[in-house]
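Engineer: As input, take upload16.cif (mmCIF, C-alpha atoms and all ligand atoms):
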```
data_target
#
loop_
_atom_site.label_atom_id
_atom_site.label_comp_id
_atom_site.auth_asym_id
_atom_site.auth_seq_id
_atom_site.Cartn_x
_atom_site.Cartn_y
_atom_site.Cartn_z
CA MET N 81 29.52 31.69 -11.45
CA LEU N 82 30.72 28.12 -11.23
CA THR N 83 29.60 25.96 -8.34
CA GLU N 84 32.89 26.29 -6.40
CA GLU N 85 32.88 30.08 -6.71
CA LEU N 86 29.27 30.27 -5.58
CA GLN N 87 30.00 27.96 -2.65
CA GLU N 88 32.77 30.27 -1.54
CA ALA N 89 30.66 33.42 -1.87
CA ALA N 90 27.80 31.74 -0.02
CA SER N 91 30.02 30.88 2.91
CA GLN N 92 31.16 34.51 3.01
CA TYR N 93 27.71 36.12 2.85
CA LEU N 94 25.05 33.65 4.00
CA MET N 95 24.30 32.50 7.52
CA HIS N 96 25.16 28.83 7.59
CA THR N 97 21.68 27.45 8.36
CA TYR N 98 21.83 24.76 5.67
CA ASP N 99 24.30 22.07 4.75
CA ARG N 100 23.77 22.35 1.03
CA LEU N 101 24.56 19.77 -1.60
CA PRO N 102 27.50 20.77 -3.82
CA LEU N 103 25.29 21.82 -6.71
CA SER N 104 24.24 25.25 -7.88
CA ILE N 105 21.08 25.23 -9.94
CA ILE N 106 20.51 27.91 -12.52
CA ARG N 107 17.36 26.73 -14.26
CA GLY N 108 14.72 24.06 -14.23
CA ARG N 109 12.17 22.54 -16.55
CA GLY N 110 9.68 19.83 -15.69
CA CYS N 111 11.37 17.24 -13.53
CA HIS N 112 14.87 18.42 -14.39
CA VAL N 113 17.23 21.08 -13.12
CA TYR N 114 20.48 22.28 -14.68
CA ASP N 115 23.71 23.44 -13.06
CA ALA N 116 26.07 26.21 -14.10
CA GLU N 117 28.11 23.69 -16.07
CA GLY N 118 25.02 22.71 -18.10
CA ARG N 119 24.59 19.27 -16.53
CA GLU N 120 21.05 17.87 -16.21
CA TYR N 121 19.73 16.36 -12.97
CA LEU N 122 16.52 14.43 -12.33
CA ASP N 123 14.87 16.19 -9.39
CA CYS N 124 13.17 13.67 -7.10
CA ILE N 125 12.78 16.21 -4.27
CA GLY N 126 10.94 18.97 -6.12
CA GLY N 127 11.95 21.83 -3.82
CA ILE N 128 11.04 19.73 -0.74
CA ALA N 129 7.54 18.77 -1.91
CA VAL N 130 6.90 22.29 -3.24
CA ASN N 131 7.24 22.03 -7.03
CA VAL N 132 4.20 19.83 -7.55
CA LEU N 133 4.02 20.81 -11.24
CA GLY N 134 7.75 20.52 -11.72
CA HIS N 135 9.95 23.47 -12.59
CA CYS N 136 8.69 26.41 -14.63
CA HIS N 137 5.51 24.74 -15.86
CA PRO N 138 4.65 26.89 -18.90
CA ASP N 139 1.03 27.47 -17.83
CA LEU N 140 2.10 28.51 -14.34
CA VAL N 141 4.80 30.81 -15.73
CA TYR N 142 2.26 32.38 -18.06
CA VAL N 143 -0.26 33.05 -15.28
CA ILE N 144 2.44 34.56 -13.05
CA GLN N 145 3.59 36.83 -15.87
CA GLN N 146 0.05 37.97 -16.66
CA GLN N 147 -0.76 38.65 -13.01
CA ALA N 148 2.54 40.51 -12.50
CA ARG N 149 1.53 42.85 -15.32
CA LEU N 150 -1.87 43.46 -13.76
CA LEU N 151 -1.30 43.69 -10.01
CA ILE N 152 1.29 42.24 -7.64
CA HIS N 153 0.42 43.59 -4.22
CA THR N 154 -2.23 45.81 -2.66
CA SER N 155 -2.27 44.82 1.05
CA ASN N 156 -5.37 43.35 2.64
CA LEU N 157 -6.98 46.77 2.99
CA PHE N 158 -8.72 46.03 -0.32
CA TYR N 159 -10.51 43.21 -2.08
CA THR N 160 -8.67 41.35 -4.81
CA GLU N 161 -10.29 38.71 -6.97
CA PRO N 162 -7.50 36.08 -6.96
CA GLN N 163 -7.56 35.88 -3.15
CA VAL N 164 -11.32 35.36 -2.95
CA GLU N 165 -11.25 32.91 -5.86
CA LEU N 166 -8.49 30.82 -4.28
CA ALA N 167 -10.35 30.76 -0.96
CA ARG N 168 -13.47 29.58 -2.80
CA LEU N 169 -11.52 26.76 -4.46
CA LEU N 170 -10.01 25.63 -1.15
CA VAL N 171 -13.39 25.71 0.60
CA GLU N 172 -15.19 23.88 -2.21
CA HIS N 173 -12.58 21.12 -2.25
CA SER N 174 -12.22 20.59 1.50
CA PHE N 175 -14.02 20.26 4.84
CA ALA N 176 -13.40 23.94 5.53
CA ASP N 177 -15.65 27.02 5.36
CA LYS N 178 -13.13 29.86 5.62
CA VAL N 179 -9.50 30.58 4.75
CA PHE N 180 -6.77 32.87 6.06
CA PHE N 181 -3.74 33.43 3.81
CA CYS N 182 -0.12 33.92 4.81
CA ASN N 183 3.28 33.17 3.26
CA SER N 184 4.73 29.95 4.64
CA GLY N 185 4.07 26.76 6.53
CA ALA N 186 5.24 28.12 9.85
CA GLU N 187 3.00 31.16 9.46
CA ALA N 188 0.04 28.95 8.60
CA ASN N 189 0.67 26.96 11.78
CA GLU N 190 1.05 30.17 13.79
CA ALA N 191 -2.39 31.18 12.53
CA ALA N 192 -3.78 27.75 13.46
CA ILE N 193 -2.31 27.95 16.97
CA LYS N 194 -3.67 31.47 17.52
CA LEU N 195 -7.07 30.46 16.13
CA ALA N 196 -7.30 27.43 18.43
CA ARG N 197 -6.24 29.43 21.47
CA ARG N 198 -8.72 32.20 20.72
CA TYR N 199 -11.56 29.73 20.18
CA ALA N 200 -10.86 28.05 23.52
CA TYR N 201 -10.47 31.45 25.22
CA GLU N 202 -13.82 32.69 24.03
CA ARG N 203 -15.65 29.50 25.03
CA TYR N 204 -13.82 28.40 28.15
CA GLY N 205 -11.74 31.34 29.39
CA PRO N 206 -8.02 32.04 29.63
CA THR N 207 -6.88 28.79 31.28
CA ARG N 208 -7.62 26.60 28.28
CA PHE N 209 -4.68 27.17 25.98
CA GLU N 210 -2.73 23.94 25.77
CA ILE N 211 -2.06 22.22 22.45
CA VAL N 212 -1.05 18.57 22.35
CA THR N 213 1.31 17.70 19.51
CA MET N 214 3.27 14.56 18.59
CA TYR N 215 6.80 13.45 19.33
CA ASN N 216 8.90 13.61 16.18
CA SER N 217 6.58 16.19 14.59
CA PHE N 218 7.66 19.21 12.59
CA HIS N 219 5.57 22.37 12.51
CA GLY N 220 8.08 25.11 11.65
CA ARG N 221 10.94 27.25 12.95
CA THR N 222 9.21 30.28 14.45
CA LEU N 223 9.09 30.24 18.24
CA ALA N 224 5.48 29.08 18.56
CA THR N 225 5.79 26.43 15.86
CA LEU N 226 9.16 25.34 17.23
CA SER N 227 7.51 24.96 20.64
CA ALA N 228 4.88 22.79 18.96
CA THR N 229 7.54 20.72 17.18
CA GLY N 230 8.28 17.45 19.00
CA GLN N 231 12.03 17.38 18.32
CA PRO N 232 14.18 18.55 21.25
CA LYS N 233 17.28 18.78 19.09
CA LEU N 234 15.68 21.54 16.99
CA GLN N 235 14.69 23.46 20.13
CA GLU N 236 18.10 23.40 21.79
CA GLY N 237 19.41 26.84 22.71
CA PHE N 238 16.26 28.74 21.80
CA GLY N 239 14.53 28.67 25.17
CA PRO N 240 12.46 29.69 26.89
CA LEU N 241 9.99 28.14 24.48
CA LEU N 242 6.36 29.19 24.35
CA PRO N 243 4.44 27.52 27.18
CA GLY N 244 1.32 25.49 26.48
CA PHE N 245 2.58 22.63 24.35
CA ARG N 246 3.02 19.02 25.30
CA GLN N 247 3.96 16.03 23.19
CA VAL N 248 2.75 12.45 23.03
CA PRO N 249 3.75 9.57 20.73
CA LEU N 250 1.93 9.31 17.40
CA ASN N 251 -0.55 6.44 17.06
CA ASP N 252 -0.88 5.99 20.84
CA ILE N 253 -4.44 6.90 21.81
CA THR N 254 -3.91 6.00 25.47
CA ALA N 255 -1.06 8.51 25.74
CA LEU N 256 -3.20 11.18 24.11
CA GLU N 257 -6.11 10.50 26.44
CA ALA N 258 -3.78 10.79 29.41
CA ALA N 259 -2.35 14.09 28.14
CA ILE N 260 -5.71 15.78 27.64
CA THR N 261 -6.90 17.97 30.51
CA ASP N 262 -9.35 20.83 31.08
CA GLN N 263 -6.63 23.09 29.73
CA THR N 264 -6.43 21.38 26.34
CA ALA N 265 -7.53 23.59 23.47
CA ALA N 266 -6.39 21.51 20.51
CA VAL N 267 -4.57 18.47 19.19
CA MET N 268 -2.21 19.07 16.27
CA ILE N 269 -1.09 16.25 13.98
CA GLU N 270 0.65 15.76 10.65
CA PRO N 271 -1.14 12.90 8.84
CA ILE N 272 2.36 11.92 7.73
CA GLN N 273 5.37 13.06 9.78
CA ALA N 274 7.52 13.82 6.78
CA GLU N 275 10.44 15.80 8.21
CA GLY N 276 10.42 13.43 11.18
CA GLY N 277 11.27 10.42 8.99
CA MET N 278 8.00 9.66 7.14
CA TYR N 279 5.84 8.09 9.83
CA VAL N 280 2.22 7.66 8.75
CA ALA N 281 -0.69 8.12 11.16
CA GLU N 282 -2.96 5.08 11.52
CA LYS N 283 -6.51 5.40 10.28
CA GLN N 284 -8.04 3.95 13.40
CA TYR N 285 -5.94 6.25 15.57
CA LEU N 286 -7.10 9.36 13.74
CA HIS N 287 -10.71 8.23 14.10
CA GLN N 288 -10.18 7.80 17.83
CA VAL N 289 -8.53 11.23 18.05
CA ARG N 290 -11.47 12.76 16.20
CA GLN N 291 -13.89 11.12 18.62
CA LEU N 292 -11.93 12.24 21.65
CA CYS N 293 -11.82 15.82 20.37
CA ASP N 294 -15.55 15.83 19.63
CA GLN N 295 -16.41 14.60 23.12
CA ARG N 296 -14.49 17.45 24.76
CA ASP N 297 -14.87 20.25 22.19
CA ILE N 298 -11.13 20.12 21.58
CA LEU N 299 -10.08 21.29 18.14
CA LEU N 300 -8.32 18.92 15.76
CA ILE N 301 -5.63 20.59 13.66
CA PHE N 302 -4.04 18.80 10.71
CA ASP N 303 -0.72 20.20 9.54
CA GLU N 304 -0.92 19.39 5.82
CA VAL N 305 1.81 21.85 4.88
CA GLN N 306 3.70 19.00 3.21
CA THR N 307 0.98 16.40 2.57
CA GLY N 308 -1.60 18.75 1.05
CA MET N 309 -2.24 19.75 -2.58
CA GLY N 310 -2.20 16.30 -4.13
CA ARG N 311 1.11 15.06 -2.76
CA THR N 312 -0.34 11.74 -1.54
CA GLY N 313 -2.63 11.17 -4.53
CA THR N 314 -5.71 12.78 -2.98
CA LEU N 315 -6.01 16.58 -2.78
CA PHE N 316 -5.50 16.41 0.99
CA ALA N 317 -4.01 13.51 2.94
CA TYR N 318 -6.90 13.46 5.44
CA GLU N 319 -9.07 12.02 2.66
CA HIS N 320 -7.12 8.73 2.94
CA PHE N 321 -8.17 8.43 6.57
CA ASP N 322 -11.80 9.57 6.30
CA VAL N 323 -11.21 11.99 9.16
CA ALA N 324 -11.69 15.72 8.72
CA PRO N 325 -10.00 18.20 11.05
CA ASP N 326 -11.44 21.50 12.32
CA ILE N 327 -8.38 23.43 11.19
CA MET N 328 -5.90 22.56 8.44
CA THR N 329 -2.72 24.28 7.33
CA LEU N 330 -1.22 24.31 3.85
CA ALA N 331 1.84 25.83 2.23
CA LYS N 332 4.53 23.92 0.34
CA GLY N 333 2.73 22.73 -2.81
CA LEU N 334 0.00 25.37 -2.73
CA GLY N 335 1.68 27.95 -4.98
CA GLY N 336 3.68 25.46 -7.06
CA GLY N 337 6.86 27.26 -5.95
CA VAL N 338 5.52 30.74 -5.24
CA PRO N 339 5.51 31.34 -1.46
CA ILE N 340 2.03 31.11 0.03
CA GLY N 341 0.49 29.54 3.12
CA ALA N 342 -3.08 29.04 4.22
CA CYS N 343 -4.99 28.24 7.39
CA LEU N 344 -8.41 26.70 6.77
CA ALA N 345 -11.16 26.18 9.33
CA ILE N 346 -14.81 25.40 9.84
CA ASP N 347 -17.11 28.39 10.44
CA ARG N 348 -17.66 27.79 14.16
CA VAL N 349 -13.91 28.15 14.68
CA ALA N 350 -13.04 30.67 11.97
CA GLU N 351 -15.51 33.22 13.34
CA VAL N 352 -13.30 33.98 16.35
CA PHE N 353 -10.85 35.71 13.99
CA ARG N 354 -12.28 39.18 13.64
CA PRO N 355 -10.69 42.43 12.40
CA GLY N 356 -7.65 43.15 14.55
CA THR N 357 -7.11 39.58 15.79
CA HIS N 358 -4.73 38.36 13.09
CA ALA N 359 -3.18 39.74 9.91
CA SER N 360 -0.47 39.46 7.28
CA THR N 361 0.88 42.18 5.02
CA PHE N 362 1.80 39.92 2.12
CA GLY N 363 -0.66 37.10 2.83
CA GLY N 364 -3.01 36.33 -0.03
CA ASN N 365 -1.40 38.77 -2.45
CA PRO N 366 -2.70 38.59 -6.03
CA LEU N 367 0.53 37.18 -7.47
CA ALA N 368 0.75 34.22 -5.10
CA CYS N 369 -2.99 33.55 -5.27
CA ALA N 370 -3.05 33.61 -9.07
CA ALA N 371 -0.27 31.02 -9.05
CA ALA N 372 -2.16 28.82 -6.58
CA ILE N 373 -5.36 29.07 -8.65
CA GLU N 374 -3.37 27.80 -11.63
CA VAL N 375 -2.00 24.94 -9.51
CA PHE N 376 -5.61 24.01 -8.74
CA ARG N 377 -6.57 24.18 -12.41
CA LEU N 378 -3.68 21.94 -13.43
CA LEU N 379 -4.41 19.46 -10.63
CA PHE N 380 -7.99 19.02 -11.82
CA GLU N 381 -8.39 20.10 -15.48
CA GLY N 382 -4.77 19.24 -16.21
CA LYS N 383 -5.23 15.84 -14.51
CA GLU N 384 -2.10 16.27 -12.41
CA LEU N 385 -3.92 14.99 -9.33
CA GLU N 386 -4.70 11.72 -11.12
CA ALA N 387 -1.08 11.64 -12.26
CA SER N 388 0.06 11.99 -8.66
CA LEU N 389 -2.12 9.05 -7.64
CA SER N 390 -0.98 6.67 -10.38
CA LYS N 391 2.68 7.67 -10.24
CA GLY N 392 2.59 7.45 -6.46
CA ARG N 393 1.40 3.85 -6.75
CA TYR N 394 4.12 3.10 -9.29
CA LEU N 395 6.82 4.61 -7.08
CA THR N 396 5.50 2.74 -4.04
CA LYS N 397 5.64 -0.57 -5.89
CA GLY N 398 9.14 0.15 -7.15
CA LEU N 399 10.42 1.03 -3.70
CA ASP N 400 8.75 -2.05 -2.20
CA SER N 401 10.55 -4.27 -4.68
CA LEU N 402 13.85 -2.55 -3.85
CA LYS N 403 13.14 -3.34 -0.22
CA GLU N 404 12.60 -6.99 -1.07
CA GLN N 405 15.88 -7.01 -2.94
CA TYR N 406 18.08 -5.26 -0.38
CA ALA N 407 18.11 -6.15 3.31
CA VAL N 408 19.80 -2.81 3.94
CA ILE N 409 16.33 -1.28 3.52
CA THR N 410 14.42 -1.91 6.75
CA GLU N 411 11.19 -0.16 5.85
CA ARG N 412 9.39 1.87 3.20
CA ARG N 413 7.01 4.46 4.60
CA GLY N 414 4.77 7.11 3.07
CA ILE N 415 1.82 7.53 0.74
CA GLY N 416 1.84 8.40 -2.96
CA LEU N 417 4.61 10.71 -4.06
CA LEU N 418 5.77 11.30 -0.49
CA GLN N 419 8.07 8.41 0.34
CA GLY N 420 10.82 7.48 2.74
CA ILE N 421 13.00 4.40 2.85
CA GLU N 422 14.81 3.64 6.05
CA VAL N 423 18.26 2.12 5.58
CA LEU N 424 20.80 0.43 7.84
CA MET N 425 23.47 2.94 6.83
CA ASP N 426 24.09 6.65 6.50
CA ALA N 427 21.44 7.80 4.02
CA ARG N 428 23.57 10.83 3.17
CA ALA N 429 26.07 8.55 1.45
CA ILE N 430 23.27 7.42 -0.86
CA VAL N 431 22.27 11.05 -1.50
CA THR N 432 25.86 11.88 -2.51
CA ASP N 433 26.11 8.83 -4.77
CA CYS N 434 22.77 9.65 -6.39
CA LEU N 435 23.94 13.19 -7.08
CA ALA N 436 27.03 11.84 -8.82
CA ARG N 437 24.63 9.87 -11.02
CA ARG N 438 22.57 13.06 -11.58
CA ILE N 439 19.61 12.05 -9.44
CA ILE N 440 18.53 14.40 -6.65
CA VAL N 441 17.18 12.76 -3.51
CA HIS N 442 17.33 13.87 0.08
CA SER N 443 17.80 12.35 3.52
CA THR N 444 16.25 13.00 6.87
CA LYS N 445 17.03 11.65 10.31
CA GLY N 446 20.36 10.35 9.01
CA ASN N 447 18.95 6.99 7.95
CA VAL N 448 15.85 7.82 5.91
CA LEU N 449 16.04 8.53 2.21
CA ARG N 450 13.29 10.86 1.04
CA LEU N 451 11.57 11.18 -2.30
CA SER N 452 8.95 13.81 -3.15
CA PRO N 453 9.13 14.23 -6.91
CA PRO N 454 6.98 16.61 -8.97
CA PHE N 455 3.72 15.07 -10.26
CA VAL N 456 4.97 15.58 -13.82
CA ILE N 457 7.67 12.95 -13.34
CA THR N 458 7.26 10.20 -15.95
CA LEU N 459 7.19 6.46 -15.26
CA SER N 460 10.47 6.04 -17.13
CA GLU N 461 12.03 8.76 -15.00
CA ILE N 462 10.81 6.94 -11.90
CA ASP N 463 12.40 3.77 -13.32
CA ARG N 464 15.64 5.60 -13.90
CA ALA N 465 15.71 6.85 -10.30
CA LEU N 466 14.91 3.35 -9.01
CA ASN N 467 17.61 1.76 -11.19
CA VAL N 468 20.23 4.20 -9.96
CA LEU N 469 19.12 3.61 -6.37
CA SER N 470 19.37 -0.11 -6.96
CA ASP N 471 22.93 0.20 -8.33
CA ILE N 472 23.99 2.33 -5.39
CA LEU N 473 22.42 0.04 -2.81
CA ALA N 474 24.08 -2.97 -4.46
CA LYS N 475 27.43 -1.21 -4.29
CA HIS N 476 27.05 -0.38 -0.60
CA VAL N 477 25.86 -3.88 0.26
CA SER N 478 28.83 -5.53 -1.47
CA ALA N 479 31.24 -3.05 0.16
CA ARG N 480 30.17 -4.10 3.66
C1 LIG Y 1 7.84 22.44 5.80
C2 LIG Y 1 6.86 22.24 6.90
C3 LIG Y 1 6.52 23.29 7.78
C4 LIG Y 1 7.20 24.62 7.74
O1 LIG Y 1 6.98 25.31 6.56
P1 LIG Y 1 7.88 26.60 6.21
O2 LIG Y 1 7.27 27.11 4.94
O3 LIG Y 1 9.28 26.14 6.07
O4 LIG Y 1 7.72 27.55 7.34
C5 LIG Y 1 5.55 23.04 8.72
N1 LIG Y 1 4.94 21.84 8.81
C6 LIG Y 1 5.24 20.83 7.98
C7 LIG Y 1 4.50 19.53 8.11
C8 LIG Y 1 6.21 20.99 7.01
O5 LIG Y 1 6.52 19.97 6.21
#
```
For the file at hand, write its structure as structure tokens.
Ligand SMILES: *Cc1c(COP(=O)(O)O)cnc(C)c1O
Structural biologist:
Amino acid sequence: MLTEELQEAASQYLMHTYDRLPLSIIRGRGCHVYDAEGREYLDCIGGIAVNVLGHCHPDLVYVIQQQARLLIHTSNLFYTEPQVELARLLVEHSFADKVFFCNSGAEANEAAIKLARRYAYERYGPTRFEIVTMYNSFHGRTLATLSATGQPKLQEGFGPLLPGFRQVPLNDITALEAAITDQTAAVMIEPIQAEGGMYVAEKQYLHQVRQLCDQRDILLIFDEVQTGMGRTGTLFAYEHFDVAPDIMTLAKGLGGGVPIGACLAIDRVAEVFRPGTHASTFGGNPLACAAAIEVFRLLFEGKELEASLSKGRYLTKGLDSLKEQYAVITERRGIGLLQGIEVLMDARAIVTDCLARRIIVHSTKGNVLRLSPPFVITLSEIDRALNVLSDILAKHVSAR
């Protein structure tokens, strides 16, 4: 089907929850995707920070094929080796002691919210259930995670929301202190608010939050659904800040494109999840776990984590020099291969122009251009994206 035909069929059969770009992708390889007309595009979004190894990495494809031949799903009534092995890898490479698997970021955050509530319930009784989150945060679209999300416009029309959430501004320790009460069970933070426009938490702030939580036995939850799995150049973003949480959630990059989510925690917290308290039919299935194990292998043995770090620095430098060149860019924000540039114009116009030049970027908040390319992007591909961006910015500046 050609793009126009597919667009028409989509509008007939799909609920209109996305404003899609006018491009239908039929295959991908590395940092490139191809449309029905055979045109090649440089993908600087990577499935919204999901395709860390690019598209159809041959080693990942091979592992998925082999695992599909062996065993795809059994339920969690049985032991399967890939699930235990993936949990071991996550534990050995993080602050955490235990892992619960699910299928998405929202589900991972649901698990984190339930875990924090249950921990507080068992220690302090039923009145301690509140979770403080940040304005401008994004934690998912299910009702609990939407209630946690600090963006009223996403919540509109879906009330009543789940009680027990309150928001404070990021990087404001005084506001957090004032919001904490005897009812507070946890504080939930994204180290980088990516969906919210790429606002980075300050190191000193996170240290103060950690201290505050420790003093009151309040759990610290990091939502690393987007920042985890090497996206910022370290395996997890919290490593940049030298602050470890008690609970961390992962999803996007974890399976390299195969849906999987995870909720990690320290033992003292994890032990309140006992048989019957939480579950997932598909969570931790052998197919998804085998894929995630291969992602791990390629990050370390395949040196893709180092690649993320060095390419992230290169991209950062390139974007900073664009900012120096064009006053229309007010700020560059982000770490590593998770970047946003705020512009004094409609960022969607830049996205459209980039697409015409066969570069895929994305916008958020109307005025922030987002880049989250696969770690396999080359330096010359980064240059190409930066050159196209430069051309487009120059055009818009001179048109003003
Ligand atoms: C994408 C995202 C989610 C939601 O993940 P889904 O898989 O879409 O449910 C939650 N938190 C953060 C920080 C995200 O970036």
Engineer: At a cut-off of 10 Å, using only C-alpha atoms, what residues contact N:His173? Leave out same-chain residues fewer than 5 positions from it and give the result as a VMD selection string.
Structural biologist: chain N and resid 167 to 168 315 to 316 376
Engineer: Please, which residues have at least one atom within 9 Å of an atom of ligand LIG 1 (chain Y), using all atoms listed in the file, listed as a count of residues only?
Structural biologist: 37
Engineer: Extract, using only C-alpha atoms, all DNA, RNA and protein residues at most 8 Å from N:Leu473, discarding same-chain residues fewer than 4 positions from it, and format them as a tab-separated table (two decimals) with C-alpha atoms, keeping the file's coordinate frame.
Structural biologist:
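Saved the output as result.tsv:
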```tsv
chain	number	residue	atom	x	y	z
N	406	TYR	CA	18.08	-5.26	-0.38
N	408	VAL	CA	19.80	-2.81	3.94
N	430	ILE	CA	23.27	7.42	-0.86
N	469	LEU	CA	19.12	3.61	-6.37
N	477	VAL	CA	25.86	-3.88	0.26
```
Engineer: Rounded to one decimal in Å, what is the spacing between atom CA of N:Val267 and atom CA of N:Gln235?
Structural biologist: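 Going from atom CA of N:Val267 over to atom CA of N:Gln235 covers 19.9 Å.
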Engineer: List as a PyMOL selection string the protein and nucleic acid residues near N:Ser390, meaning an atom at most 12 Å away when only C-alpha atoms are counted, but skip any in the same chain fewer than 2 places from it.
Structural biologist: chain N and resi 310-314+383-388+392-397+415-417+455-459+462
Engineer: When you draw a straight line from atom CA of N:Glu190 to atom CA of N:Met95, how long is it in Å?
Structural biologist: 24.2 Å
Engineer: Add whatever atoms are absent from stretch 226-232 of chain N to reach all heavy atoms, and provide the output as a compact mmCIF listing (two decimals), in the coordinates of the input.
Structural biologist:
```
# COMPACT_ATOMS: atom_id res chain seq x y z
N LEU N 226 8.05 26.12 16.70
CA LEU N 226 9.16 25.34 17.23
C LEU N 226 8.77 24.73 18.58
O LEU N 226 9.14 23.59 18.89
CB LEU N 226 10.40 26.23 17.40
CG LEU N 226 11.72 25.55 17.75
CD1 LEU N 226 12.16 24.60 16.65
CD2 LEU N 226 12.80 26.59 18.00
N SER N 227 8.00 25.48 19.36
CA SER N 227 7.51 24.96 20.64
C SER N 227 6.54 23.81 20.41
O SER N 227 6.46 22.88 21.22
CB SER N 227 6.82 26.08 21.44
OG SER N 227 7.67 27.19 21.58
N ALA N 228 5.80 23.86 19.31
CA ALA N 228 4.88 22.79 18.96
C ALA N 228 5.61 21.56 18.44
O ALA N 228 5.15 20.43 18.58
CB ALA N 228 3.88 23.28 17.90
N THR N 229 6.76 21.78 17.82
CA THR N 229 7.54 20.72 17.18
C THR N 229 8.10 19.74 18.22
O THR N 229 8.75 20.16 19.17
CB THR N 229 8.68 21.34 16.35
OG1 THR N 229 8.11 22.04 15.24
CG2 THR N 229 9.65 20.28 15.83
N GLY N 230 7.85 18.45 18.02
CA GLY N 230 8.28 17.45 19.00
C GLY N 230 9.68 16.92 18.75
O GLY N 230 9.89 15.70 18.73
N GLN N 231 10.65 17.81 18.54
CA GLN N 231 12.03 17.38 18.32
C GLN N 231 12.97 18.25 19.15
O GLN N 231 13.38 19.32 18.71
CB GLN N 231 12.39 17.49 16.83
CG GLN N 231 11.54 16.61 15.92
CD GLN N 231 12.07 16.56 14.50
OE1 GLN N 231 13.25 16.32 14.28
NE2 GLN N 231 11.20 16.83 13.54
N PRO N 232 13.33 17.75 20.34
CA PRO N 232 14.18 18.55 21.25
C PRO N 232 15.45 19.08 20.60
O PRO N 232 15.89 20.18 20.93
CB PRO N 232 14.50 17.56 22.37
CG PRO N 232 13.41 16.55 22.33
CD PRO N 232 12.97 16.45 20.91
```
